[in-house]
file target.txt (compact mmCIF, C-alpha atoms and all ligand atoms)
# COMPACT_ATOMS: atom_id res chain seq x y z
CA MET A 1273 50.09 -4.59 -0.90
CA SER A 1274 46.99 -5.31 1.12
CA LEU A 1275 45.45 -8.74 1.50
CA LYS A 1276 42.79 -7.64 -0.97
CA ASP A 1277 45.49 -6.74 -3.54
CA HIS A 1278 47.13 -10.13 -3.03
CA LEU A 1279 43.81 -11.85 -3.56
CA ILE A 1280 42.31 -9.86 -6.39
CA HIS A 1281 43.60 -8.59 -9.74
CA ASN A 1282 41.46 -5.62 -10.75
CA VAL A 1283 40.24 -5.69 -14.35
CA HIS A 1284 38.01 -2.62 -14.47
CA LYS A 1285 37.34 0.26 -12.06
CA GLU A 1286 33.59 0.71 -11.89
CA GLU A 1287 32.26 4.25 -12.09
CA HIS A 1288 30.34 5.23 -9.00
CA GLY A 1289 26.93 4.68 -10.58
CA HIS A 1290 23.66 4.57 -8.70
CA ALA A 1291 21.25 1.68 -8.29
CA HIS A 1292 18.87 0.79 -11.12
CA ASN A 1293 16.05 -0.72 -9.11
CA LYS A 1294 16.08 1.04 -5.80
CA ILE A 1295 13.19 0.94 -3.34
CA THR A 1296 12.86 3.12 -0.23
CA VAL A 1297 10.69 2.35 2.78
CA VAL A 1298 9.95 5.35 5.01
CA GLY A 1299 8.99 4.26 8.53
CA VAL A 1300 10.56 1.13 10.04
CA GLY A 1301 7.73 0.22 12.39
CA ALA A 1302 5.79 -3.03 12.24
CA VAL A 1303 4.36 -2.27 8.78
CA GLY A 1304 7.53 -0.81 7.25
CA MET A 1305 9.64 -3.80 8.29
CA ALA A 1306 7.03 -6.30 7.05
CA CYS A 1307 7.12 -4.46 3.70
CA ALA A 1308 10.93 -4.48 3.72
CA ILE A 1309 11.34 -8.20 4.41
CA SER A 1310 8.62 -9.11 1.89
CA ILE A 1311 10.32 -7.01 -0.79
CA LEU A 1312 13.72 -8.51 0.02
CA MET A 1313 12.37 -12.07 -0.14
CA LYS A 1314 10.97 -11.37 -3.61
CA ASP A 1315 14.30 -10.00 -4.99
CA LEU A 1316 12.63 -6.84 -6.28
CA ALA A 1317 15.41 -4.33 -5.70
CA ASP A 1318 19.18 -3.96 -6.13
CA GLU A 1319 19.18 -1.43 -3.29
CA LEU A 1320 16.84 -0.96 -0.33
CA ALA A 1321 16.87 2.25 1.69
CA LEU A 1322 15.19 2.65 5.07
CA VAL A 1323 14.32 5.97 6.71
CA ASP A 1324 12.90 6.77 10.15
CA VAL A 1325 13.26 9.43 12.82
CA VAL A 1326 14.20 6.99 15.60
CA GLU A 1327 17.89 6.47 14.83
CA ASP A 1328 18.73 3.50 17.08
CA LYS A 1329 15.76 1.47 15.91
CA LEU A 1330 16.58 2.40 12.30
CA ARG A 1331 20.21 1.33 12.51
CA GLY A 1332 19.25 -1.82 14.40
CA GLU A 1333 16.78 -2.84 11.71
CA MET A 1334 19.30 -2.08 8.94
CA LEU A 1335 22.06 -4.13 10.59
CA ASP A 1336 19.70 -7.02 11.26
CA LEU A 1337 18.70 -7.14 7.57
CA GLN A 1338 22.30 -6.71 6.37
CA HIS A 1339 23.31 -9.71 8.49
CA GLY A 1340 20.82 -11.73 6.44
CA SER A 1341 22.55 -10.75 3.17
CA LEU A 1342 23.82 -14.27 2.51
CA PHE A 1343 20.24 -15.42 2.18
CA LEU A 1344 19.08 -12.46 0.08
CA ARG A 1345 19.76 -11.10 -3.42
CA THR A 1346 19.64 -7.37 -2.67
CA PRO A 1347 23.31 -6.38 -2.44
CA LYS A 1348 22.87 -2.98 -0.82
CA ILE A 1349 20.78 -2.15 2.24
CA VAL A 1350 21.22 1.38 3.58
CA SER A 1351 19.48 3.57 6.12
CA GLY A 1352 19.54 7.10 7.45
CA LYS A 1353 17.55 9.90 8.95
CA ASP A 1354 18.81 12.07 6.10
CA TYR A 1355 16.90 11.58 2.86
CA SER A 1356 20.09 11.60 0.76
CA VAL A 1357 20.13 7.79 1.38
CA THR A 1358 16.91 7.54 -0.66
CA ALA A 1359 18.34 9.22 -3.79
CA HIS A 1360 17.39 7.71 -7.18
CA SER A 1361 14.61 5.45 -5.85
CA LYS A 1362 12.18 4.03 -8.40
CA LEU A 1363 9.59 3.40 -5.71
CA VAL A 1364 9.15 5.06 -2.32
CA ILE A 1365 6.80 3.37 0.12
CA VAL A 1366 5.56 5.53 3.01
CA THR A 1367 4.52 3.64 6.14
CA ALA A 1368 5.56 6.30 8.66
CA GLY A 1369 3.21 7.73 11.15
CA ALA A 1370 0.96 7.14 14.07
CA ARG A 1371 -1.03 3.91 14.02
CA GLN A 1372 -4.51 3.16 15.32
CA GLN A 1373 -4.85 2.51 19.02
CA GLU A 1374 -7.27 -0.21 20.12
CA GLY A 1375 -10.73 0.86 18.93
CA GLU A 1376 -9.47 4.03 17.19
CA SER A 1377 -10.75 4.71 13.66
CA ARG A 1378 -8.36 5.34 10.79
CA LEU A 1379 -9.88 8.75 10.12
CA ASN A 1380 -8.97 9.88 13.63
CA LEU A 1381 -5.26 9.68 12.79
CA VAL A 1382 -5.45 12.23 10.05
CA GLN A 1383 -3.99 15.56 11.23
CA ARG A 1384 -1.16 13.85 13.16
CA ASN A 1385 -0.08 12.04 10.02
CA VAL A 1386 -0.54 15.07 7.73
CA ASN A 1387 2.01 16.93 9.85
CA ILE A 1388 4.45 14.04 9.46
CA PHE A 1389 3.87 14.01 5.67
CA LYS A 1390 4.68 17.73 5.44
CA PHE A 1391 8.23 16.77 6.36
CA ILE A 1392 8.56 13.43 4.57
CA ILE A 1393 7.13 14.11 1.11
CA PRO A 1394 9.23 17.19 0.13
CA ASN A 1395 12.36 15.30 1.17
CA VAL A 1396 11.41 12.25 -0.90
CA VAL A 1397 10.67 14.47 -3.92
CA LYS A 1398 13.99 16.30 -3.54
CA TYR A 1399 16.04 13.10 -3.91
CA SER A 1400 13.79 11.00 -6.20
CA PRO A 1401 11.79 13.44 -8.34
CA ASP A 1402 10.75 10.69 -10.78
CA CYS A 1403 9.73 7.99 -8.30
CA LYS A 1404 6.37 6.37 -7.78
CA LEU A 1405 4.99 7.14 -4.31
CA LEU A 1406 3.13 4.29 -2.64
CA ILE A 1407 1.28 5.44 0.47
CA VAL A 1408 0.41 2.93 3.18
CA SER A 1409 0.03 5.11 6.31
CA ASN A 1410 -3.54 5.62 7.50
CA PRO A 1411 -6.02 7.01 6.76
CA VAL A 1412 -4.52 5.86 3.47
CA ASP A 1413 -6.96 7.46 1.00
CA ILE A 1414 -6.67 10.90 2.59
CA LEU A 1415 -2.89 10.65 2.99
CA THR A 1416 -2.55 9.66 -0.67
CA TYR A 1417 -4.37 12.90 -1.52
CA VAL A 1418 -2.06 14.76 0.89
CA ALA A 1419 1.03 13.18 -0.72
CA TRP A 1420 -0.28 14.11 -4.17
CA LYS A 1421 -0.85 17.72 -3.12
CA ILE A 1422 2.49 18.15 -1.34
CA SER A 1423 4.59 16.31 -3.96
CA GLY A 1424 3.18 18.09 -7.00
CA PHE A 1425 3.55 14.72 -8.79
CA PRO A 1426 1.15 13.77 -11.58
CA LYS A 1427 -1.70 11.66 -10.22
CA HIS A 1428 -0.55 8.43 -11.92
CA ARG A 1429 2.61 8.40 -9.78
CA VAL A 1430 0.86 8.75 -6.41
CA ILE A 1431 -0.72 5.48 -5.38
CA GLY A 1432 -2.49 4.41 -2.19
CA SER A 1433 -2.36 0.78 -1.08
CA GLY A 1434 -6.10 1.28 -0.55
CA CYS A 1435 -8.29 -1.82 -0.75
CA ASN A 1436 -5.52 -4.13 -1.93
CA LEU A 1437 -5.39 -5.62 1.58
CA ASP A 1438 -9.16 -5.54 2.06
CA SER A 1439 -9.64 -7.48 -1.19
CA ALA A 1440 -6.96 -10.00 -0.17
CA ARG A 1441 -8.73 -10.54 3.15
CA PHE A 1442 -12.05 -10.97 1.32
CA ARG A 1443 -10.57 -13.53 -1.07
CA TYR A 1444 -9.01 -15.43 1.83
CA LEU A 1445 -12.33 -15.62 3.69
CA MET A 1446 -14.19 -16.58 0.51
CA GLY A 1447 -11.61 -19.31 -0.09
CA GLU A 1448 -12.04 -20.64 3.44
CA ARG A 1449 -15.79 -21.03 2.88
CA LEU A 1450 -15.39 -22.75 -0.49
CA GLY A 1451 -12.27 -24.83 0.20
CA ILE A 1452 -10.50 -23.16 -2.74
CA HIS A 1453 -7.24 -21.18 -2.67
CA SER A 1454 -7.63 -17.37 -2.58
CA LEU A 1455 -5.89 -17.13 -5.97
CA SER A 1456 -8.90 -18.79 -7.60
CA CYS A 1457 -11.49 -16.84 -5.60
CA HIS A 1458 -12.19 -13.54 -7.30
CA GLY A 1459 -13.82 -10.59 -5.63
CA TRP A 1460 -13.18 -6.86 -5.45
CA ILE A 1461 -13.52 -4.54 -2.51
CA VAL A 1462 -13.49 -0.92 -3.68
CA GLY A 1463 -13.93 2.56 -2.23
CA GLU A 1464 -12.47 3.67 1.07
CA HIS A 1465 -9.91 1.42 2.76
CA GLY A 1466 -11.54 0.31 5.94
CA ASP A 1467 -14.84 1.11 7.52
CA SER A 1468 -16.89 2.17 4.47
CA SER A 1469 -15.39 -0.12 1.82
CA VAL A 1470 -17.76 -1.53 -0.80
CA PRO A 1471 -17.82 -5.20 -1.87
CA VAL A 1472 -18.78 -5.66 -5.53
CA TRP A 1473 -20.96 -8.75 -5.13
CA SER A 1474 -21.91 -8.85 -8.83
CA GLY A 1475 -18.29 -9.59 -9.72
CA VAL A 1476 -17.60 -12.34 -7.16
CA ASN A 1477 -16.71 -15.50 -9.09
CA VAL A 1478 -14.78 -18.75 -9.27
CA ALA A 1479 -13.60 -19.81 -12.73
CA GLY A 1480 -15.83 -17.13 -14.25
CA ILE A 1481 -18.94 -18.58 -12.56
CA SER A 1482 -20.78 -15.73 -10.87
CA LEU A 1483 -21.76 -16.58 -7.29
CA LYS A 1484 -24.50 -13.94 -7.46
CA ALA A 1485 -26.03 -15.69 -10.50
CA LEU A 1486 -26.04 -19.03 -8.63
CA HIS A 1487 -27.29 -17.51 -5.38
CA PRO A 1488 -29.15 -14.22 -6.01
CA ASP A 1489 -29.35 -13.32 -2.31
CA LEU A 1490 -25.53 -13.14 -2.12
CA GLY A 1491 -24.45 -10.09 -0.15
CA THR A 1492 -28.00 -9.13 0.90
CA ASP A 1493 -29.65 -9.26 4.33
CA ALA A 1494 -32.06 -11.93 3.00
CA ASP A 1495 -29.19 -14.37 2.39
CA LYS A 1496 -29.62 -17.47 4.56
CA GLU A 1497 -25.93 -18.29 4.12
CA HIS A 1498 -24.93 -14.81 5.41
CA TRP A 1499 -22.20 -14.15 2.84
CA LYS A 1500 -22.41 -10.48 3.77
CA GLU A 1501 -20.68 -11.51 7.01
CA ILE A 1502 -17.39 -12.00 5.20
CA HIS A 1503 -17.34 -8.34 4.19
CA LYS A 1504 -18.11 -7.40 7.79
CA GLN A 1505 -15.21 -9.62 8.86
CA VAL A 1506 -12.96 -7.79 6.37
CA VAL A 1507 -13.95 -4.44 7.89
CA ASP A 1508 -13.40 -5.77 11.41
CA SER A 1509 -10.10 -7.54 10.54
CA ALA A 1510 -7.72 -4.75 11.49
CA TYR A 1511 -9.55 -4.04 14.73
CA GLU A 1512 -9.47 -7.73 15.65
CA VAL A 1513 -5.77 -8.19 14.88
CA ILE A 1514 -4.82 -4.94 16.64
CA LYS A 1515 -6.78 -6.06 19.70
CA LEU A 1516 -4.95 -9.40 19.71
CA LYS A 1517 -1.35 -8.51 18.78
CA GLY A 1518 -1.24 -4.70 18.95
CA TYR A 1519 -0.79 -3.93 15.24
CA THR A 1520 -1.18 -5.53 11.81
CA SER A 1521 1.91 -6.25 9.78
CA TRP A 1522 2.35 -9.48 7.79
CA ALA A 1523 -0.65 -9.26 5.45
CA ILE A 1524 -0.10 -5.56 4.70
CA GLY A 1525 3.63 -6.22 4.12
CA LEU A 1526 2.92 -9.06 1.70
CA SER A 1527 0.25 -7.07 -0.14
CA VAL A 1528 2.55 -4.06 -0.52
CA ALA A 1529 5.33 -6.30 -1.87
CA ASP A 1530 2.81 -7.63 -4.42
CA LEU A 1531 2.19 -4.05 -5.60
CA ALA A 1532 5.93 -3.36 -5.61
CA GLU A 1533 6.44 -6.41 -7.83
CA THR A 1534 3.88 -5.16 -10.35
CA ILE A 1535 5.57 -1.74 -10.46
CA MET A 1536 9.21 -2.89 -10.55
CA LYS A 1537 8.55 -5.56 -13.21
CA ASN A 1538 6.03 -3.47 -15.18
CA LEU A 1539 3.54 -6.35 -14.95
CA ARG A 1540 0.44 -4.25 -15.75
CA ARG A 1541 -1.68 -6.32 -13.39
CA VAL A 1542 -4.98 -4.90 -12.15
CA HIS A 1543 -5.10 -4.07 -8.42
CA PRO A 1544 -7.75 -2.51 -6.18
CA ILE A 1545 -5.68 0.54 -5.19
CA SER A 1546 -6.37 4.14 -4.34
CA THR A 1547 -6.26 6.65 -7.19
CA MET A 1548 -7.80 10.03 -8.01
CA VAL A 1549 -11.43 9.25 -8.83
CA LYS A 1550 -12.77 12.71 -9.65
CA GLY A 1551 -15.10 12.33 -12.64
CA MET A 1552 -15.77 8.63 -11.97
CA HIS A 1553 -19.05 7.31 -10.52
CA GLY A 1554 -20.42 10.85 -10.17
CA ILE A 1555 -17.61 11.94 -7.82
CA LYS A 1556 -16.91 15.65 -8.20
CA GLU A 1557 -14.11 16.34 -5.72
CA ASP A 1558 -10.36 15.61 -5.62
CA VAL A 1559 -10.54 12.39 -3.62
CA PHE A 1560 -8.61 9.13 -3.78
CA LEU A 1561 -10.55 5.87 -3.53
CA SER A 1562 -9.82 2.31 -4.61
CA VAL A 1563 -10.97 1.10 -8.01
CA PRO A 1564 -9.39 -1.59 -10.22
CA CYS A 1565 -6.23 0.06 -11.59
CA VAL A 1566 -3.79 -1.11 -14.25
CA LEU A 1567 -0.39 -0.77 -12.60
CA GLY A 1568 3.06 -0.75 -14.20
CA SER A 1569 6.47 0.86 -14.11
CA SER A 1570 5.08 4.35 -14.74
CA GLY A 1571 2.41 3.99 -12.07
CA ILE A 1572 -1.34 3.78 -12.66
CA THR A 1573 -2.01 4.01 -16.39
CA ASP A 1574 -5.68 2.99 -16.60
CA VAL A 1575 -8.76 2.27 -14.52
CA VAL A 1576 -11.16 -0.58 -15.32
CA LYS A 1577 -14.70 0.83 -15.49
CA LEU A 1578 -16.80 -0.95 -12.90
CA ASN A 1579 -20.41 -1.76 -13.60
CA LEU A 1580 -21.71 -0.73 -10.19
CA LYS A 1581 -25.30 -0.83 -8.99
CA SER A 1582 -26.81 2.54 -8.07
CA GLU A 1583 -26.64 1.76 -4.34
CA GLU A 1584 -22.95 0.81 -4.67
CA GLU A 1585 -22.22 4.08 -6.49
CA GLU A 1586 -24.16 5.89 -3.80
CA LYS A 1587 -21.88 4.35 -1.15
CA LEU A 1588 -18.78 5.46 -3.08
CA ARG A 1589 -20.13 9.00 -3.34
CA LYS A 1590 -20.89 8.99 0.38
CA SER A 1591 -17.29 7.93 1.17
CA ALA A 1592 -16.04 10.61 -1.22
CA ASP A 1593 -18.15 13.24 0.60
CA THR A 1594 -16.84 12.09 4.00
CA LEU A 1595 -13.23 12.19 2.79
CA TRP A 1596 -13.66 15.58 1.11
CA GLY A 1597 -15.26 16.95 4.28
CA ILE A 1598 -12.05 16.07 6.15
CA GLN A 1599 -9.63 17.03 3.36
CA LYS A 1600 -10.93 20.54 2.93
CA GLU A 1601 -10.19 21.29 6.58
CA LEU A 1602 -6.59 20.04 6.45
CA GLN A 1603 -3.73 22.44 7.09
CA PHE A 1604 -0.82 21.92 4.70
N1 LIG A 1701 -2.97 0.79 4.37
C1 LIG A 1701 -3.10 -0.29 5.10
O1 LIG A 1701 -3.77 -1.25 4.68
C2 LIG A 1701 -2.44 -0.34 6.46
C3 LIG A 1701 -2.37 -1.54 7.19
C4 LIG A 1701 -1.74 -1.54 8.43
C5 LIG A 1701 -1.21 -0.35 8.94
N2 LIG A 1701 -1.31 0.79 8.22
C6 LIG A 1701 -0.77 2.08 8.71
O2 LIG A 1701 0.64 2.07 8.59
C7 LIG A 1701 1.19 3.04 9.50
C8 LIG A 1701 2.34 2.42 10.28
O3 LIG A 1701 1.87 1.43 11.17
P1 LIG A 1701 2.89 0.66 12.12
O4 LIG A 1701 2.10 -0.39 12.82
O5 LIG A 1701 4.11 0.28 11.36
O6 LIG A 1701 3.26 1.82 13.16
P2 LIG A 1701 4.59 1.89 14.06
O7 LIG A 1701 4.27 2.83 15.16
O8 LIG A 1701 5.06 0.51 14.39
O9 LIG A 1701 5.66 2.53 13.08
C9 LIG A 1701 5.58 3.83 12.59
C10 LIG A 1701 7.00 4.30 12.33
O10 LIG A 1701 6.94 5.60 11.73
C11 LIG A 1701 8.06 6.31 12.24
N3 LIG A 1701 7.89 7.74 12.03
C12 LIG A 1701 7.14 8.63 12.71
N4 LIG A 1701 7.33 9.87 12.21
C13 LIG A 1701 8.21 9.76 11.20
C14 LIG A 1701 8.78 10.68 10.28
N5 LIG A 1701 8.50 11.98 10.32
N6 LIG A 1701 9.65 10.21 9.37
C15 LIG A 1701 9.96 8.90 9.31
N7 LIG A 1701 9.44 7.99 10.14
C16 LIG A 1701 8.58 8.41 11.07
C17 LIG A 1701 8.11 5.91 13.71
O11 LIG A 1701 9.35 6.21 14.30
C18 LIG A 1701 7.84 4.42 13.61
O12 LIG A 1701 9.04 3.67 13.48
C19 LIG A 1701 0.01 3.48 10.39
O13 LIG A 1701 -0.49 4.71 9.93
C20 LIG A 1701 -0.99 2.37 10.18
O14 LIG A 1701 -2.31 2.78 10.45
C21 LIG A 1701 -1.89 0.82 6.99

call {"tool": "encode", "arguments": {"input": "target.txt", "output": "structure tokens"}}
result
Amino acid sequence: MSLKDHLIHNVHKEEHGHAHNKITVVGVGAVGMACAISILMKDLADELALVDVVEDKLRGEMLDLQHGSLFLRTPKIVSGKDYSVTAHSKLVIVTAGARQQEGESRLNLVQRNVNIFKFIIPNVVKYSPDCKLLIVSNPVDILTYVAWKISGFPKHRVIGSGCNLDSARFRYLMGERLGIHSLSCHGWIVGEHGDSSVPVWSGVNVAGISLKALHPDLGTDADKEHWKEIHKQVVDSAYEVIKLKGYTSWAIGLSVADLAETIMKNLRRVHPISTMVKGMHGIKEDVFLSVPCVLGSSGITDVVKLNLKSEEEEKLRKSADTLWGIQKELQF
């Protein structure tokens, strides 16, 4: 008899079942690991799988998280280069790929990351054909389209983190100006994640009080208080952080975990995330842009119809044209 047999009287032999609430993170770089730790701290999964191509780094990250098990409530943390470790995931988060260098635009990354996706996505689909795919790698709107095309998944199950982070940054900066917590500062950044994102000034409010109604110049060049600056700061945020610390990680990790919570708990909260917008706001091509989406356990079920001004819609269409111009040249 082993020590274990001396210690324990077995009552029931469990069948070798698989996890019920499994999440996979593909890419264990700065962003992937910030997503992983944020998800673990929120107790969202009964199993977390990590995948990367750099095996030492991957195993090191897995061991480091496993050693924290006493302080976590996710009993199984696995990793591997082989996608069999991802089998039966409910949610697969893709953060793999090249990141921006100092001063590099997100759009510049595109073909490098498409080539990486051609390997990742079919493998994810093979082992978790019913999962929701949450794309974080940049340029996120184009890569969400790429993931949708390669996976063959219905559009509601292919989600881009999109402007979820941009909107969080906007609400933080708005809160700083007003001395009110971000949670109570409401504002939506929509469209393309990054350089051409569109702030919806008409919807900015605290406690339902429209800031635009109180201060009609809000968001315009005529505004003496220069509120437009906070959107510029949002656009410049990633560049600033990358210049200072080399990459961004904590805010994107936290914002992805917030999306993961909505999906895993079927919360049906509304998030500014990237979805297929063909047919909305006069957009005629297969492009993914951020709009307010109702999110739950089956993915994106609905989109809230925004009341945009004609110049805001024009900006969305311009982003859509830019994205489509790049997408139609991509080699799958
Ligand atoms: N959507 C957003 O708001 C947002 C915010 C920040 C960063 N990002 C993007 O996230 C991505 C990751 O950024 P990072 O700072 O973590 O980069 P990183 O270089 O630290 O990590 C990328 C990881 O991907 C891995 N990888 C490369 N090819 C792979 C493959 N075929 N399969 C599995 N893994 C592979 C690398 O080994 C590396 O560990 C970048 O594209 C970045 O631009 C998006």

call {"tool": "residues_near_ligand", "arguments": {"input": "target.txt", "ligand": "ligand LIG 1701 (chain A)", "cutoff": "7 Å", "atoms": "only C-alpha atoms and all ligand atoms", "output": "PyMOL selection string"}}
result
chain A and resi 1298-1304+1323-1326+1367-1372+1378+1388-1389+1391-1392+1408-1412+1433-1434+1437+1465+1519-1521+1524

call {"tool": "closest_residue", "arguments": {"input": "target.txt", "among": "A:Val1559, A:Cys1565, A:Leu1279, A:Ile1514", "to": "Trp1420 (chain A)", "atoms": "all atoms listed in the file"}}
result
A:Val1559

call {"tool": "residues_around", "arguments": {"input": "target.txt", "residues": "Gly1554 (chain A)", "least_positions_apart": "3", "cutoff": "8 Å", "atoms": "only C-alpha atoms", "output": "ChimeraX atom specification"}}
result
/A:1550-1551,1585,1589

call {"tool": "closest_residue", "arguments": {"input": "target.txt", "among": "A:Arg1449, A:His1360, A:His1543, A:Lys1496", "to": "Ser1562 (chain A)", "atoms": "all atoms listed in the file"}}
result
A:His1543

call {"tool": "axis_aligned_box", "arguments": {"input": "target.txt", "around": "region 1475-1480 of chain A", "padding_each_side": "6 Å", "output": "AutoDock Vina command-line options"}}
result
--center_x -15.9 --center_y -14.7 --center_z -10.7 --size_x 16.7 --size_y 22.2 --size_z 19.1

call {"tool": "atom_distance", "arguments": {"input": "target.txt", "atom1": "CA of Leu1561 (chain A)", "atom2": "CA of Leu1539 (chain A)"}}
result
21.9 Å

call {"tool": "residues_near_point", "arguments": {"input": "target.txt", "point": "(-6.2, -3.6, -6.1)", "cutoff": "7 Å", "atoms": "all atoms listed in the file", "output": "JSON, numbers by chain"}}
result
{"A": [1435, 1436, 1542, 1543, 1544, 1545, 1563, 1564, 1565]}

call {"tool": "write_last_selection", "arguments": {"input": "target.txt", "atoms": "C-alpha atoms", "output": "compact mmCIF listing (two decimals), keeping the file's coordinate frame"}}
result
# COMPACT_ATOMS: atom_id res chain seq x y z
CA CYS A 1435 -8.29 -1.82 -0.75
CA ASN A 1436 -5.52 -4.13 -1.93
CA VAL A 1542 -4.98 -4.90 -12.15
CA HIS A 1543 -5.10 -4.07 -8.42
CA PRO A 1544 -7.75 -2.51 -6.18
CA ILE A 1545 -5.68 0.54 -5.19
CA VAL A 1563 -10.97 1.10 -8.01
CA PRO A 1564 -9.39 -1.59 -10.22
CA CYS A 1565 -6.23 0.06 -11.59

call {"tool": "closest_residue", "arguments": {"input": "target.txt", "among": "A:Val1382, A:Ile1431, A:Val1576, A:Leu1531", "to": "Ile1311 (chain A)", "atoms": "all atoms listed in the file"}}
result
A:Leu1531

call {"tool": "closest_residue", "arguments": {"input": "target.txt", "among": "A:Leu1450, A:Met1548, A:Ile1365, A:Ala1485", "to": "Lys1421 (chain A)", "atoms": "only C-alpha atoms"}}
result
A:Met1548

call {"tool": "residues_around", "arguments": {"input": "target.txt", "residues": "region 1327-1334 of chain A", "least_positions_apart": "6", "cutoff": "9 Å", "atoms": "only C-alpha atoms", "output": "list in words"}}
result
Gly1299, Val1300, Gly1301, Met1305, Ala1321, Ile1349, Val1350, Ser1351, Gly1352 and Lys1353 of chain A

call {"tool": "closest_residue", "arguments": {"input": "target.txt", "among": "A:Lys1590, A:Lys1314, A:Arg1429, A:His1458", "to": "Gly1525 (chain A)", "atoms": "only C-alpha atoms"}}
result
A:Lys1314

call {"tool": "atom_distance", "arguments": {"input": "target.txt", "atom1": "CA of Val1566 (chain A)", "atom2": "CA of Trp1596 (chain A)"}}
result
24.7 Å

call {"tool": "residues_around", "arguments": {"input": "target.txt", "residues": "Thr1573 (chain A)", "least_positions_apart": "3", "cutoff": "10 Å", "atoms": "only C-alpha atoms", "output": "JSON, numbers by chain"}}
result
{"A": [1427, 1428, 1429, 1540, 1565, 1566, 1567, 1568, 1569, 1570]}

call {"tool": "atom_distance", "arguments": {"input": "target.txt", "atom1": "CA of Ser1439 (chain A)", "atom2": "CA of Glu1501 (chain A)"}}
result
14.3 Å

call {"tool": "closest_residue", "arguments": {"input": "target.txt", "among": "A:Asn1293, A:Ser1341, A:Thr1534, A:Thr1547", "to": "Ile1407 (chain A)", "atoms": "all atoms listed in the file"}}
result
A:Thr1547

call {"tool": "residues_around", "arguments": {"input": "target.txt", "residues": "His1292 (chain A)", "least_positions_apart": "3", "cutoff": "12 Å", "atoms": "all atoms listed in the file", "output": "list in words"}}
result
Gly1289, Ile1295, Leu1316, Ala1317, Asp1318, Glu1319, Leu1320, Thr1346, Lys1348, Ala1359, His1360, Ser1361, Lys1362, Leu1363, Cys1403 and Met1536 of chain A

call {"tool": "residues_near_point", "arguments": {"input": "target.txt", "point": "(16.1, 11.0, 2.3)", "cutoff": "7 Å", "atoms": "all atoms listed in the file", "output": "list in words"}}
result
Val1323, Lys1353, Asp1354, Tyr1355, Ser1356, Val1357, Thr1358, Ala1359, Asn1395, Val1396 and Tyr1399 of chain A

call {"tool": "residues_around", "arguments": {"input": "target.txt", "residues": "Val1513 (chain A)", "least_positions_apart": "3", "cutoff": "12 Å", "atoms": "all atoms listed in the file", "output": "ChimeraX atom specification"}}
result
/A:1372-1375,1505-1510,1516-1524
